[in-house]
Amino acid sequence: MKLYKFSLLMVVLGSSVLAQTQKFTMAEAVNGLRTNLAVKNISQFSWSADSKSYIQAVKGGYLMTDLKTNKQDTLVSLTQLNKSFSDAKLKAVPQIKFISGSNGYFNANNKMFWIEKSGNDWKIKTSVALDGEASNMKMFGDNQTFAFTVKNNLYVSKNGKTVAVTNDSDENIINGGATVHRNEFGIDTGIFPAPNSEAVAFYRMDQTMVADYPVIDWSVTPAVNHNIKYPMAGQKSHEVTLGVYNVKNQSTTFLNIEGEKDQYLTAVTWSPDSKYIFVGVLNRGQNHVKMNQYDAATGNLVKTLFEEASDKYVEPQHPLTFFPNSNTDFIWQSQRTGYNHLFHYSLEKGLVAQITKGDWLVTDILGFNEKKKEIYFTSTKETPLEKHLYKINWTNFKMQRMDDASGVHTGILSSDGNYLYDTYTNAGTPRSVNIINTNTAKSTNILTAENTLKNYQRPEIKNVELKADDGTPLYGKIILPTDFDAGKKYPVIVYLYNGPHLQLVTNTFPASGNLWYEYMAQNGYIIFTMDGRGSANRGMKFEQAVFRNLGTTEMNDQMKGVDYLKSLPYVDAQRMGIHGWSFGGFMTTSFMLRKPDVFKVGVAGGPVIDWKMYEIMYGERYMDTPEENPLGYAAANLLDKVQNLKGKLLMIHGAQDDVVVWQHSIKFIKSAVDNGVQLDYFVYPGHPHNVIGKDRVHLMQKVTDYFDQYLKK
């Protein structure tokens, strides 16, 4: 989902740190962890093709490290590359995909380059010129053929020859684009190469029937309108089909997918033998999905493998994962038991077994060790606040944790399954990177990052566990002022998101999760944040508690946090503020209007004001359509509640926001004017749903000043 693109990602499991004297500047508080305070990391890590070495990018080139000897050698340098360039020398090392220790390819200067090692140098083997507007690049498995889009059409290039796969003149018919279904359902590409590299499947999205929505560019005079297609809840949605282009005979066949024209096509997967394509066909109501098998050559339906249905919604997020060297057996990730788990299916036998079980989630499949019949994955098995690395035998289901440190771990498995790249952080560990031998479980550290915040004045952070009204545990944190005195009373800012697909409270570094909150703690504020029901990584019951009533259950849970804060003798209940972006902006505004006596000040960034004006895919999943759920939409609609405002409210919105469109705030302002209600408003020029760099520093200074104005004595 996209509502959290600007989220401040507040994450935690804290511990006291000895206070130093240095304070954060606003620039450091907002951008420091991306700039001068960035924690050291290993750049562009990858395993060598033979799994005997690993590759990393360094200044001026790439290094290869032998796993057995730890010997490091320069794999390729910028100087070596530029020897082969007759013009347009490279200014920096490009991101190279290495096919082997002596071959690779990269994209630079509007060209695709294939390079090959020749003696002590690297030579350009071949190159293909690209259109300057080429995007959505996707390399095929042969590492020679690739597909890309130019505007709304798809192209395939092989052996230096580029062919136009589609030629739609209407820009609202998009072929191969990554924006299908507005990137819901785990969709991050519209191009799906066949394993044998002889064909490619692609999304064709026809959005001509979707109403135009104006997004105005105010940076030029006169301002210029750019129409986008924005399908709002209950209105017409786009129609998607799947084409299959045969590279050899240059012909295209479309899959014969039956059902509603505006249904969703998800989890697109090729069979390893490239004969079949599997598609999750999800109805627009998002409560019934069919996993269908299609013949790639004819486009005809072979059979429906299985179906999943729910009285609320089903949300397929992952393609099929076939077992090594099998054309028939695969893993399907499903939340049918209430938590995302791995299910073994066979094209011949159907469901074979549920591989993982328990009140925890599998969050990612990392790969296989075929010889030992092991699957590697990450999960929340230990605690919802952390992620760890595991392996499980897919025949006897014996499971083993691979790491031994608390925190949030991510992993990259070597192709043979013998080595696991493990990088993690926790409240006291900025970053640790290790190579785990999966056969012996021996771990070798290759990076322990220095604490870049060690010279700064740091706050004390306490973990908080509360109970929802149904007894569900709710995890939060409280950040105390750096000069904390239990005998004093302090103003509080509650930061919240509390929407689907985002978790604020996890055990990562820094324990605060964001240095702006530490900046505020340095300036006399208490900060509190908590994940209420509706947020991520707690299972379907936790997430679906908000179904058809966005804003209500979430507010009830957040009030548990408010009650906790009021119980603390050092909290000034008369000086409480609330702050959030996107879904958090919706929650902030909801609190200021639906519970107007709780917070003195609110700052709402990019808020959803009326869910009828939000996109179909997200909005209808959690709210159904406005026609099906008029009471839910009415309760969440904030336009008719403006007159309830008692405190001070600053609303912030990006003029070119195409995720939560500016009209939400514009209509809210009109409603405030019509009702004689005073509020403060700040608009910034910008296209995305987030603001970065200096603009973000300026924006957060505005937020800070607003809280200072009304919460400081």
# chains A, B, ... in the order shown; residues from 1 in each chain; ligands from 1
>>> select_by_dssp(residues="region 62-95 of chain A", states="helix (DSSP H, G or I)", output="MDAnalysis selection string")
chainID A and resid 78:83
>>> residues_around(residues="region 632-644 of chain A", least_positions_apart="4", cutoff="8 Å", atoms="only C-alpha atoms", output="PyMOL selection string")
chain A and resi 548-552+589-590+592-594+596+609-612+623+626+667-668+671-672+675-677
>>> residues_around(residues="Val362 (chain A)", least_positions_apart="5", cutoff="9 Å", atoms="only C-alpha atoms", output="number ranges by chain")
A: 333, 339-342, 356, 377-381
>>> write_last_selection(atoms="C-alpha atoms", output="PDB file, in the first residue's frame")
ATOM      1  CA  GLN A 333       2.024 -18.083   0.945  1.00  0.00           C
ATOM      2  CA  TYR A 339      -1.112 -15.731   9.869  1.00  0.00           C
ATOM      3  CA  ASN A 340       0.981 -15.780   6.701  1.00  0.00           C
ATOM      4  CA  HIS A 341       2.373 -19.307   6.313  1.00  0.00           C
ATOM      5  CA  LEU A 342       3.890 -21.613   3.709  1.00  0.00           C
ATOM      6  CA  THR A 356       4.939 -23.656   8.737  1.00  0.00           C
ATOM      7  CA  PHE A 377      12.775 -17.703   5.467  1.00  0.00           C
ATOM      8  CA  THR A 378      12.319 -14.792   7.871  1.00  0.00           C
ATOM      9  CA  SER A 379       9.518 -14.647  10.417  1.00  0.00           C
ATOM     10  CA  THR A 380       8.142 -13.056  13.573  1.00  0.00           C
ATOM     11  CA  LYS A 381       8.164 -16.345  15.482  1.00  0.00           C
TER      12      LYS A 381
END
>>> residues_around(residues="region 604-608 of chain A", least_positions_apart="4", cutoff="9 Å", atoms="only C-alpha atoms", output="VMD selection string")
chain A and resid 6 578 to 589 613 to 614 637 to 638 649 to 654 657 660 to 662 664 to 665 689 to 690
>>> write_last_selection(atoms="N, CA, C and O atoms", output="compact mmCIF listing (two decimals), in the first residue's frame")
# COMPACT_ATOMS: atom_id res chain seq x y z
N PHE A 6 5.23 8.57 3.30
CA PHE A 6 5.93 9.63 4.02
C PHE A 6 6.10 9.27 5.48
O PHE A 6 6.56 10.07 6.27
N ILE A 578 -0.78 15.67 19.13
CA ILE A 578 -0.85 14.45 18.33
C ILE A 578 -0.37 14.76 16.91
O ILE A 578 -0.63 15.85 16.39
N HIS A 579 0.30 13.79 16.30
CA HIS A 579 0.95 14.05 15.02
C HIS A 579 1.01 12.77 14.20
O HIS A 579 1.27 11.69 14.74
N GLY A 580 0.75 12.87 12.91
CA GLY A 580 0.86 11.71 12.03
C GLY A 580 0.74 12.13 10.57
O GLY A 580 0.23 13.21 10.25
N TRP A 581 1.20 11.24 9.71
CA TRP A 581 1.19 11.50 8.27
C TRP A 581 0.35 10.45 7.56
O TRP A 581 0.34 9.28 7.93
N SER A 582 -0.34 10.85 6.51
CA SER A 582 -1.09 9.96 5.64
C SER A 582 -2.20 9.28 6.44
O SER A 582 -3.09 9.96 6.93
N PHE A 583 -2.15 7.97 6.63
CA PHE A 583 -3.16 7.35 7.50
C PHE A 583 -3.04 7.96 8.90
O PHE A 583 -4.05 8.17 9.58
N GLY A 584 -1.83 8.25 9.32
CA GLY A 584 -1.64 8.93 10.60
C GLY A 584 -2.20 10.33 10.59
O GLY A 584 -2.64 10.84 11.64
N GLY A 585 -2.21 10.99 9.43
CA GLY A 585 -2.86 12.30 9.31
C GLY A 585 -4.36 12.18 9.45
O GLY A 585 -5.02 13.03 10.07
N PHE A 586 -4.91 11.11 8.86
CA PHE A 586 -6.34 10.82 9.04
C PHE A 586 -6.65 10.58 10.51
O PHE A 586 -7.65 11.09 11.05
N MET A 587 -5.79 9.80 11.19
CA MET A 587 -6.02 9.51 12.60
C MET A 587 -5.89 10.78 13.46
O MET A 587 -6.66 10.99 14.40
N THR A 588 -4.91 11.62 13.14
CA THR A 588 -4.73 12.87 13.88
C THR A 588 -5.96 13.75 13.76
O THR A 588 -6.49 14.25 14.77
N THR A 589 -6.43 13.94 12.53
CA THR A 589 -7.62 14.77 12.31
C THR A 589 -8.85 14.15 12.97
O THR A 589 -9.69 14.85 13.54
N MET A 613 -12.96 9.42 -1.44
CA MET A 613 -12.02 10.04 -2.37
C MET A 613 -10.67 9.33 -2.40
O MET A 613 -9.71 9.85 -2.97
N TYR A 614 -10.59 8.16 -1.78
CA TYR A 614 -9.34 7.41 -1.83
C TYR A 614 -9.48 6.28 -2.84
O TYR A 614 -10.57 5.90 -3.26
N ASN A 637 -15.92 9.86 7.72
CA ASN A 637 -15.88 11.12 6.98
C ASN A 637 -15.72 12.29 7.96
O ASN A 637 -16.52 12.46 8.88
N LEU A 638 -14.68 13.08 7.74
CA LEU A 638 -14.38 14.16 8.68
C LEU A 638 -14.91 15.52 8.21
O LEU A 638 -14.81 16.50 8.95
N LEU A 649 -5.24 23.00 15.19
CA LEU A 649 -4.96 21.98 14.18
C LEU A 649 -4.20 22.60 13.01
O LEU A 649 -4.68 23.56 12.40
N LEU A 650 -3.03 22.05 12.73
CA LEU A 650 -2.26 22.42 11.53
C LEU A 650 -2.38 21.28 10.54
O LEU A 650 -2.03 20.14 10.84
N MET A 651 -2.88 21.60 9.35
CA MET A 651 -3.01 20.61 8.30
C MET A 651 -1.97 20.90 7.22
O MET A 651 -1.82 22.04 6.79
N ILE A 652 -1.25 19.86 6.81
CA ILE A 652 -0.17 19.99 5.83
C ILE A 652 -0.48 19.10 4.64
O ILE A 652 -0.90 17.95 4.81
N HIS A 653 -0.27 19.62 3.44
CA HIS A 653 -0.52 18.78 2.26
C HIS A 653 0.40 19.20 1.11
O HIS A 653 0.77 20.36 0.98
N GLY A 654 0.77 18.21 0.30
CA GLY A 654 1.55 18.47 -0.91
C GLY A 654 0.63 18.77 -2.07
O GLY A 654 -0.32 18.03 -2.33
N ASP A 657 0.35 15.93 -4.60
CA ASP A 657 0.19 14.60 -4.03
C ASP A 657 -0.79 13.80 -4.87
O ASP A 657 -1.96 14.18 -5.01
N VAL A 660 -2.70 10.66 -1.66
CA VAL A 660 -3.84 11.29 -0.99
C VAL A 660 -3.97 12.66 -1.64
O VAL A 660 -3.23 13.58 -1.32
N VAL A 661 -4.90 12.78 -2.58
CA VAL A 661 -4.95 13.98 -3.41
C VAL A 661 -5.31 15.20 -2.56
O VAL A 661 -6.00 15.11 -1.54
N TRP A 662 -4.83 16.35 -3.03
CA TRP A 662 -4.96 17.61 -2.29
C TRP A 662 -6.41 17.96 -2.00
O TRP A 662 -6.73 18.67 -1.05
N HIS A 664 -8.67 16.41 -0.62
CA HIS A 664 -9.07 16.07 0.75
C HIS A 664 -8.96 17.30 1.65
O HIS A 664 -9.91 17.67 2.35
N SER A 665 -7.80 17.93 1.64
CA SER A 665 -7.58 19.09 2.51
C SER A 665 -8.34 20.32 2.03
O SER A 665 -8.83 21.11 2.85
N HIS A 689 4.14 11.70 -2.27
CA HIS A 689 3.46 11.77 -0.98
C HIS A 689 4.45 12.01 0.15
O HIS A 689 4.09 11.96 1.30
N ASN A 690 5.70 12.24 -0.21
CA ASN A 690 6.70 12.54 0.82
C ASN A 690 7.55 13.71 0.39
O ASN A 690 7.52 14.14 -0.75
>>> atom_distance(atom1="CA of Met617 (chain A)", atom2="CA of His238 (chain A)")
10.6 Å
>>> closest_residue(among="A:Thr508, A:Trp114, A:Asp404, A:Phe484", to="Asn426 (chain A)", atoms="only C-alpha atoms")
A:Thr508
>>> residues_around(residues="Asn498 (chain A)", least_positions_apart="5", cutoff="6 Å", atoms="only C-alpha atoms", output="mmCIF file with all heavy atoms, in the first residue's frame")
data_model
loop_
_atom_site.group_PDB
_atom_site.id
_atom_site.type_symbol
_atom_site.label_atom_id
_atom_site.label_comp_id
_atom_site.auth_asym_id
_atom_site.auth_seq_id
_atom_site.Cartn_x
_atom_site.Cartn_y
_atom_site.Cartn_z
ATOM 1 N N ASP A 531 1.488 0.804 18.347
ATOM 2 C CA ASP A 531 0.796 0.142 17.243
ATOM 3 C C ASP A 531 -0.525 -0.427 17.733
ATOM 4 O O ASP A 531 -0.557 -1.404 18.489
ATOM 5 C CB ASP A 531 1.653 -0.995 16.672
ATOM 6 C CG ASP A 531 2.862 -0.477 15.917
ATOM 7 O OD1 ASP A 531 2.705 0.491 15.150
ATOM 8 O OD2 ASP A 531 3.956 -1.053 16.087
ATOM 9 N N GLY A 532 -1.626 0.178 17.321
ATOM 10 C CA GLY A 532 -2.936 -0.348 17.655
ATOM 11 C C GLY A 532 -3.401 -1.361 16.630
ATOM 12 O O GLY A 532 -2.742 -1.617 15.616
ATOM 13 N N SER A 535 -2.695 -2.346 12.385
ATOM 14 C CA SER A 535 -1.330 -2.241 11.876
ATOM 15 C C SER A 535 -0.752 -3.622 11.587
ATOM 16 O O SER A 535 -1.385 -4.651 11.815
ATOM 17 C CB SER A 535 -0.451 -1.440 12.846
ATOM 18 O OG SER A 535 -0.571 -1.920 14.165
#
>>> select_by_dssp(residues="region 132-243 of chain A", states="strand (DSSP E or B)", output="PyMOL selection string")
chain A and resi 134-139+146-150+153-158+161-164+173-175+191-193+199-206+212-217+224-229+232+239-243
>>> atom_distance(atom1="CA of Leu67 (chain A)", atom2="CA of Ser100 (chain A)")
15.8 Å
>>> residues_around(residues="Ile331 (chain A)", least_positions_apart="2", cutoff="6 Å", atoms="only C-alpha atoms", output="ChimeraX atom specification")
/A:320-321,343-344
